[in-house]
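*Asks:* Please find one structure pasted underneath; my questions will follow.
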There are 2 protein chains.
Amino acid sequence: MQYHFYVNFANWVMQHCHHSVINSSRGTITGNMAKETKLEDIVSLAKRRGFIFQASEIYGGLAGFWDYGPLGVEMTNKLKAEWWKAMVTESDNIFGVDGAIIQNPKLWEASGHVAGFTDPMVEDTVNGKRYRADHLAGVDSNDLKELSGLLEGKVSPDGNPLSEPRVFNMMMQTWVGPVQDSSSIAYLRPETAGSIFTNYENVRETMRAKLPFGVAQIGKAFRNEISPRDFIFRVREFEQAEMQYFIRPETQKETYEQWRQFAWNFLVERLGIAEENLQWHEHEENERAHYAAAAHDIYFKFPQGFKELWGTHNRTDFDLGNHQRVSGRELSYFDEATRERFLPYVIESSVGLSRMLLAVLVDAYREEEINGDTRVVLKLKPELAPYRFAVSPLLKNKPELVEKAREVYSALKKKYGNVMWDDNGNIGKRYRRQDEIGTPYCVVIDFQTLEDDTVTVRDRDTTEQKRVSSAEIVKG
Amino acid sequence: MQYHFYVNFANWVMQHCHHSVINSSRGTITGNMAKETKLEDIVSLAKRRGFIFQASEIYGGLAGFWDYGPLGVEMTNKLKAEWWKAMVTESDNIFGVDGAIIQNPKLWEASGHVAGFTDPMVEDTVNGKRYRADHLAGVDSNDLKELSGLLEGKVSPDGNPLSEPRVFNMMMQTWVGPVQDSSSIAYLRPETAGSIFTNYENVRETMRAKLPFGVAQIGKAFRNEISPRDFIFRVREFEQAEMQYFIRPETQKETYEQWRQFAWNFLVERLGIAEENLQWHEHEENERAHYAAAAHDIYFKFPQGFKELWGTHNRTDFDLGNHQRVSGRELSYFDEATRERFLPYVIESSVGLSRMLLAVLVDAYREEEINGDTRVVLKLKPELAPYRFAVSPLLKNKPELVEKAREVYSALKKKYGNVMWDDNGNIGKRYRRQDEIGTPYCVVIDFQTLEDDTVTVRDRDTTEQKRVSSAEIVKG
């Protein structure tokens with residue numbers, strides 16, 4: 001629908017605008033300013049324009065938690081819809097699930113997260129504050145012996161003696177039911193993948209699926225990060241989009257390549273991210289998660305450097321094997337054609353939606369000089385922009401202009417959905433405001449509209465203004 | 001888009017089918033069977049056909065938690081999209097947010113949930129099991145003194161002495177950060193409304209909103225129910241769709257009526273729920289939540305009886321007043337026209353999405369006798385059905401039929417999205433299976449298709465079969 005809209009509108013511009021131009025004007029863009037985009041620029045824009053707010057801001061916030069404002073929700077919804085469409089709707093053999101955030105804790109014992117999803121920590125023996133042992137020791141290691149040796153004689157940042165390093169589980173813990181004891185402990189899922197594996201057999205059976213097939217899920221996950229940082233990049237509550245593709249083991253190599261390619265293409269073609277902002281990063285053996293036999297991340301050039309955005313992992317039969325062993329339920333697959341029974345391998349495609357949103361914002365952010373002024377502009381793919389059109393009367397105190405503008409606004413909104421009414425300040429200020437939120441087209445109704453029914457359509461990227469008949473813009 | 005699809009398809013049927021009918025056949029439906037729909041019927045269908053599974057089923061499940069399977073996700077996504085469209089996209093003054101599930105705990109102190117969101121409980125003094133005191137006492141009361149009196153001398157279900165009744169908070173608790181002590185306690189939100197109130201000022205400012213305006217949110221919430229029950233009706237993890245409408249206090253009566261009407265119309269017109277399955281229930285003063293000055297629920301006729309589905313509440317200035325007091329932040333509104341400063345009142349519209357899905361399934365569920373056989377059919381509104389079309393070759397071992405059917409399938413899928421390929425079993429079985437999941441139209445490609453390019457289109461509700469040209473069905 002969004003894609004169709006864009007194609008339709010682009011066609012319409014091509015077919016009609018050149019004929020309909022009555023006058024045309026544009027600012028002189030003297031190019032992107034030399035300045036590098038800083039994370040603070042994005043944080044400030046996100047807060048100022050209603051994309052992302054600190055969670056519980058009026059209570060001083062809570063580290064690692066963020067709320068999405070009106071524009072952030074609209075963009076995130078579009079990112080989710082695009083991923084779901086590419087992954088599930090357009091596919092013949094990938095099925096969606098939506099598992100509970102809280103599962104039976106045995107799931108996380110089987111997955112290895114209860115034992116293995118840990119960071120080495122040391123405690124200040126006087127005030128009880130905890131620190132990442134590897135950070136204090138200044139090494140990239142989680143070997144407790146090595147860390148213990150390196151930390152010998154060192155003190156905490158408050159000058160107090162330190163405890164021996166020990167492991168700290170990053171899963172957030174709660175209790176289910178009225179009694180709070182060890183039998184009622186449960187965890188907030190650290191990744192959505194868990195309930196995909198436990199539902200593997202249910203999906204296969206109800207969908208009559210045959211290998212290869214995939215199961216996809218979008219949902220929240222939680223990690224008790226010691227040092228949440230970099231805005232929505234490293235947070236304690238986040239949304240993932242994950243797909244596990246179940247395959248015959250001997251097809252692992254080509255399937256792995258296929259899903260690496262899918263991720264790259266999605267970012268470039270569907271989200272419009274510039275290829276020079278992306279790079280591959282292959283995990284060395286010591287960086288890989290405990291379940292992965294191979295892992296390739298796509299790194300995006302965030303303001304703080306190239307960092308992980310989208311992972312493709314070969315999880316082998318690690319997960320199904322563990323769940324089969326711990327649950328005692330048969331999870332092998334019987335291939336009717338070859339009469340073989342085996343555990344499928346799993347190729348995983350996993351991306352964080354908060355990081356995806358951040359990447360799209362960073363990629364689109366520009367500061368430009370235009371007619372001697374500075375403007376901030378989000379050069380978003382039109383399908384991803386929070387609003388498709390902004391409609392304004394030239395002057396808000398002229399009822400005849402307002403009435404006509406309302407008419408155009410209603411017609412566009414009925415047809416295209418997210419259309420904004422903007423009558424605050426003068427036209428120049430409105431354009432700057434719409435540039436900041438990435439609105440591709442601003443439509444202005446002025447006195448000439450009342451005479452010849454043409455409106456001004458202003459293009460976000462070129463700042464070019466053209467006059468078009470209002471019937472045509474509504475017709476699309 | 002879904003609506004347009006339906007209208008277009010309906011038009012197409014009206015314009016083309018009568019002319020195109022080559023032959024027509026239908027089963028004889030001898031009416032809905034007298035049997036009342038039981039919750040078990042829905043649970044069984046949901047599991048059998050991939051709507052809803054027990055969470056962590058292979059580990060014995062976890063009481064009060066459910067996973068949504070491929071069909072349940074598709075339907076829930078449609079329900080969410082429909083609500084969002086009606087509430088946010090089609091409105092001029094309602095804005096979306098998506099707040100974190102975990103917020104600064106001060107939010108829940110201010111909202112009254114830390115002190116007031118409680119159930120009275122008693123403990124078995126021997127084995128520590130807890131019970132709802134009001135249930136054991138056999139009264140509908142949360143007065144501790146009254147309960148204590150009624151329970152005097154009573155024993156637990158295991159025959160042991162009981163503790164005095166005390167309050168048990170229904171919020172699920174966790175810790176944020178490396179230290180687990182009272183300073184790091186946080187809660188999983190018991191309702192989405194909280195982060196709407198804390199973002200009231202952020203939304204007003206960034207959207208330049210003037211009263212009345214609304215803030216809407218869809219998201220997970222958690223309640224540590226003592227006795228989760230009735231499938232997805234009373235659960236510990238659920239998804240809410242809530243909208244808080246901020247108003248001038250003197251408009252509370254008419255705004256309240258407006259949002260009551262909205263809820264009723266949404267259920268009847270947009271979801272197609274039969275009005276005889278809905279009724280109003282006005283809360284008496286002693287049933288109302290601690291924040292509500294007035295509350296009307298729409299009850300739906302679930303198999304276990306008429307029960308709460310959608311609430312409209314007058315929350316007055318309870319929430320903004322409390323948050324202003326506890327946070328010390330000014331949350332009053334300055335009306336530029338009247339030069340008045342005041343705290344807005346809030347009318348809340350709140351519905352559980354899991355209950356909405358259950359209501360839609362129950363409302364649509366039928367067992368019918370047809371040609372002497374029994375069929376289960378979901379008479380869903382076509383826009384809400386998981387699949388719009390199922391496409392089948394008459395025989396799966398005839399390559400020329402399969403190839404032609406694949407062609408029709410691909411064309412329909414490209415155009416309409418959720419289209420199912422179904423070549424399992426014979427045609428009769430396929431129809432029964434598609435009836436069970438509510439697929440409005442089954443398209444069958446047979447030998448005649450190869451000759452005259454017509455396909456059979458079978459209508460779910462009437463079971464009527466018509467022959468239409470395959471080009472026409474794809475053209476829509």
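Each chain of the structure tokens is named A, B, ... in the order shown, its residues numbered from 1; ligands are numbered from 1 in display order.
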With all C-alpha atoms paired in order, what RMSD does the least-squares fit of chain B onto chain A leave?

*Replies:*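 Root-mean-square deviation of the C-alpha atoms: 0.1 Å.
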
*Asks:* Which of stretch 79-131 of chain A end up as strand (DSSP E or B) when DSSP is run on this backbone - answer as number ranges by chain?

*Replies:* A: 94-96, 98, 102, 118-124, 130-131

*Asks:* Keeping only C-alpha atoms, take the residues you just selected and write them out as a tab-separated table (two decimals), in the first residue's frame.

*Replies:*
```
chain	number	residue	atom	x	y	z
A	94	ILE	CA	7.42	-18.38	6.71
A	95	PHE	CA	4.81	-18.18	9.45
A	96	GLY	CA	4.38	-15.64	12.23
A	98	ASP	CA	3.80	-13.95	18.94
A	102	ILE	CA	7.33	-14.57	30.23
A	118	THR	CA	26.25	-13.60	32.07
A	119	ASP	CA	28.77	-10.83	32.58
A	120	PRO	CA	31.66	-11.02	35.09
A	121	MET	CA	31.09	-8.51	37.89
A	122	VAL	CA	32.93	-7.29	40.98
A	123	GLU	CA	31.37	-5.61	43.98
A	124	ASP	CA	32.64	-2.70	46.05
A	130	ARG	CA	28.78	-3.52	41.21
A	131	TYR	CA	31.03	-3.07	38.18
```

*Asks:* Could you give me, as JSON, numbers by chain, the residues within 9 Å of B:Phe262, counting only C-alpha atoms and dropping anything in the same chain fewer than 5 positions from it?

*Replies:* {"B": [257, 267, 349]}

*Asks:* Give the answer as one residue: which of B:Gln258, B:Asn160, B:Thr456, B:Gln240 has the shortest atom-to-atom distance to B:Leu353, using only C-alpha atoms?

*Replies:*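 Selected residue with least distance to B:Leu353: B:Gln240.
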
*Asks:* Would you list the contacts of B:Glu284 as a count of residues only, taking every protein, DNA or RNA residue within 12 Å and counting only C-alpha atoms, but skipping same-chain residues closer than 6 positions in sequence?

*Replies:* 6

*Asks:* How many Å separate atom CA of B:Thr338 from atom CA of B:Leu211?

*Replies:*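 Value for the atom CA of B:Thr338-atom CA of B:Leu211 distance: 12.1 Å.
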
*Asks:* Check the DSSP output for the backbone and give back, as an MDAnalysis selection string, the residues of stretch 243-338 of chain A in alpha helix (DSSP H).

*Replies:* chainID A and resid 252:265 318:327

*Asks:* Can you work out the spacing between atom CA of A:Glu367 and atom CA of A:Gly428 in Å, to one decimal?

*Replies:*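 Atom CA of A:Glu367 sits 16.4 Å away from atom CA of A:Gly428.
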
*Asks:* Please, what distance in Å, to one decimal, runs between atom CA of B:Ala337 and atom CA of A:Lys398?

*Replies:*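 These atoms are spaced 18.0 Å apart.
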
*Asks:* At a cut-off of 12 Å, using only C-alpha atoms, what residues contact B:Gly352? Leave out same-chain residues fewer than 5 positions from it and give the result as a PyMOL selection string.

*Replies:* chain B and resi 76+79-80+83+191-192+217-222+232-235+237-243+297-298+308-311+357-359

*Asks:* Write out as a list in words each polymer residue whose atoms come within 10 Å of A:Pro70, counting only C-alpha atoms; drop sequence neighbours fewer than 4 positions from it.

*Replies:*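 My reading of the contact set: Arg49, Gly50, Phe51, Ile52, Glu74, Met75 and Pro386 of chain A; Val88, Ile94, Phe95, Gly96, Val97, Asp98, Asn202, Val203, Thr206, Met207, Val215, Ala216 and Gln217 of chain B.
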
*Asks:* Would you mind listing what lies within 12 Å of B:Pro161 as number ranges by chain, with only C-alpha atoms counted and same-chain residues fewer than 5 positions away left out?

*Replies:* B: 122-130, 151-156

*Asks:* Keeping only all heavy atoms, take the residues you just selected and write them out as a compact mmCIF listing (two decimals), in the first residue's frame.

*Replies:*
```txt
# COMPACT_ATOMS: atom_id res chain seq x y z
N VAL B 122 -4.94 -14.68 51.97
CA VAL B 122 -4.57 -15.38 53.21
C VAL B 122 -3.60 -16.50 52.86
O VAL B 122 -3.58 -16.99 51.74
CB VAL B 122 -5.79 -16.01 53.94
CG1 VAL B 122 -6.62 -14.94 54.63
CG2 VAL B 122 -6.64 -16.83 52.98
N GLU B 123 -2.79 -16.86 53.85
CA GLU B 123 -1.75 -17.86 53.62
C GLU B 123 -2.04 -19.09 54.47
O GLU B 123 -2.47 -18.97 55.63
CB GLU B 123 -0.41 -17.24 54.02
CG GLU B 123 0.79 -17.93 53.41
CD GLU B 123 2.07 -17.13 53.64
OE1 GLU B 123 2.15 -15.98 53.15
OE2 GLU B 123 2.95 -17.64 54.34
N ASP B 124 -1.85 -20.26 53.89
CA ASP B 124 -1.87 -21.51 54.64
C ASP B 124 -0.63 -21.48 55.53
O ASP B 124 0.50 -21.42 55.04
CB ASP B 124 -1.81 -22.68 53.63
CG ASP B 124 -1.78 -24.05 54.29
OD1 ASP B 124 -0.99 -24.23 55.24
OD2 ASP B 124 -2.53 -24.93 53.83
N THR B 125 -0.81 -21.49 56.86
CA THR B 125 0.33 -21.27 57.77
C THR B 125 1.27 -22.48 57.82
O THR B 125 2.37 -22.37 58.36
CB THR B 125 -0.15 -20.97 59.21
OG1 THR B 125 -1.01 -22.04 59.63
CG2 THR B 125 -0.91 -19.66 59.28
N VAL B 126 0.87 -23.61 57.23
CA VAL B 126 1.75 -24.78 57.23
C VAL B 126 2.58 -24.86 55.95
O VAL B 126 3.81 -24.93 55.98
CB VAL B 126 0.94 -26.09 57.44
CG1 VAL B 126 1.85 -27.31 57.31
CG2 VAL B 126 0.24 -26.06 58.78
N ASN B 127 1.92 -24.78 54.77
CA ASN B 127 2.67 -24.96 53.52
C ASN B 127 2.90 -23.65 52.74
O ASN B 127 3.50 -23.67 51.66
CB ASN B 127 1.99 -26.01 52.62
CG ASN B 127 0.57 -25.60 52.26
OD1 ASN B 127 0.26 -24.40 52.22
ND2 ASN B 127 -0.29 -26.57 52.02
N GLY B 128 2.41 -22.54 53.28
CA GLY B 128 2.71 -21.25 52.66
C GLY B 128 1.90 -20.91 51.41
O GLY B 128 2.08 -19.86 50.81
N LYS B 129 0.99 -21.79 50.97
CA LYS B 129 0.18 -21.48 49.79
C LYS B 129 -0.75 -20.31 50.08
O LYS B 129 -1.29 -20.20 51.18
CB LYS B 129 -0.66 -22.70 49.37
CG LYS B 129 0.16 -23.81 48.75
CD LYS B 129 -0.78 -24.91 48.23
CE LYS B 129 0.00 -26.19 47.89
NZ LYS B 129 -0.90 -27.35 47.74
N ARG B 130 -0.93 -19.45 49.07
CA ARG B 130 -1.80 -18.29 49.30
C ARG B 130 -3.11 -18.42 48.53
O ARG B 130 -3.17 -19.02 47.48
CB ARG B 130 -1.09 -17.01 48.87
CG ARG B 130 0.06 -16.70 49.80
CD ARG B 130 0.65 -15.35 49.52
NE ARG B 130 2.04 -15.34 49.95
CZ ARG B 130 2.89 -14.36 49.71
NH1 ARG B 130 2.50 -13.29 49.05
NH2 ARG B 130 4.12 -14.42 50.14
N LEU B 151 -13.52 -15.23 58.12
CA LEU B 151 -12.61 -16.38 57.98
C LEU B 151 -12.22 -16.99 59.33
O LEU B 151 -11.51 -18.00 59.35
CB LEU B 151 -11.34 -15.96 57.22
CG LEU B 151 -11.54 -15.72 55.72
CD1 LEU B 151 -10.31 -15.05 55.10
CD2 LEU B 151 -11.85 -17.03 54.99
N GLU B 152 -12.67 -16.37 60.40
CA GLU B 152 -12.26 -16.85 61.73
C GLU B 152 -12.63 -18.32 61.88
O GLU B 152 -13.78 -18.72 61.64
CB GLU B 152 -12.91 -16.00 62.82
CG GLU B 152 -11.98 -15.86 64.02
CD GLU B 152 -12.60 -15.00 65.11
OE1 GLU B 152 -12.92 -13.82 64.84
OE2 GLU B 152 -12.78 -15.54 66.23
N GLY B 153 -11.65 -19.13 62.27
CA GLY B 153 -11.91 -20.55 62.49
C GLY B 153 -11.89 -21.40 61.25
O GLY B 153 -11.87 -22.62 61.32
N LYS B 154 -11.88 -20.76 60.06
CA LYS B 154 -11.84 -21.53 58.82
C LYS B 154 -10.43 -22.06 58.57
O LYS B 154 -9.45 -21.50 59.05
CB LYS B 154 -12.28 -20.68 57.63
CG LYS B 154 -13.76 -20.35 57.65
CD LYS B 154 -14.32 -20.24 56.23
CE LYS B 154 -15.83 -20.02 56.31
NZ LYS B 154 -16.43 -19.72 55.01
N VAL B 155 -10.34 -23.14 57.77
CA VAL B 155 -9.04 -23.70 57.43
C VAL B 155 -8.80 -23.60 55.92
O VAL B 155 -9.72 -23.32 55.16
CB VAL B 155 -8.92 -25.19 57.87
CG1 VAL B 155 -8.91 -25.29 59.40
CG2 VAL B 155 -10.04 -26.02 57.25
N SER B 156 -7.57 -23.87 55.54
CA SER B 156 -7.21 -23.82 54.11
C SER B 156 -7.75 -25.06 53.41
O SER B 156 -8.14 -26.03 54.05
CB SER B 156 -5.69 -23.78 53.97
OG SER B 156 -5.17 -25.08 54.14
```

*Asks:* Show me, as a tab-separated table, the residues of stretch 248-297 of chain B having an atom within 12 Å of stretch 106-115 of chain B, each with the closest atom pair and its distance in Å, using only C-alpha atoms.

*Replies:*
```
residue	atom	partner	partner_atom	distance
B:Ala289	CA	B:Gly112	CA	10.4
B:His290	CA	B:Gly112	CA	7.8
B:Tyr291	CA	B:Gly112	CA	8.3
B:Ala292	CA	B:Ser111	CA	12.0
```

*Asks:* Please produce a file of those selected residues containing N, CA and C atoms, as a PDB file, in the first residue's frame.

*Replies:*
```pdb
ATOM      1  N   ALA B 289     -12.640   1.155  39.618  1.00  0.00           N
ATOM      2  CA  ALA B 289     -11.215   1.271  39.937  1.00  0.00           C
ATOM      3  C   ALA B 289     -11.002   2.547  40.747  1.00  0.00           C
ATOM      4  N   HIS B 290      -9.849   2.595  41.441  1.00  0.00           N
ATOM      5  CA  HIS B 290      -9.628   3.703  42.359  1.00  0.00           C
ATOM      6  C   HIS B 290      -9.581   5.068  41.677  1.00  0.00           C
ATOM      7  N   TYR B 291      -9.381   5.086  40.369  1.00  0.00           N
ATOM      8  CA  TYR B 291      -9.212   6.368  39.672  1.00  0.00           C
ATOM      9  C   TYR B 291     -10.488   6.862  38.997  1.00  0.00           C
ATOM     10  N   ALA B 292     -11.545   6.054  38.988  1.00  0.00           N
ATOM     11  CA  ALA B 292     -12.667   6.348  38.092  1.00  0.00           C
ATOM     12  C   ALA B 292     -13.867   6.977  38.805  1.00  0.00           C
TER      13      ALA B 292
END
```

*Asks:* Please determine, counting only C-alpha atoms, which residue among B:Lys210, B:Arg467, B:Arg236, B:Lys78 has the shortest atom-to-atom distance to chain A.

*Replies:*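 For chain A, the nearest of the given residues is B:Arg236.
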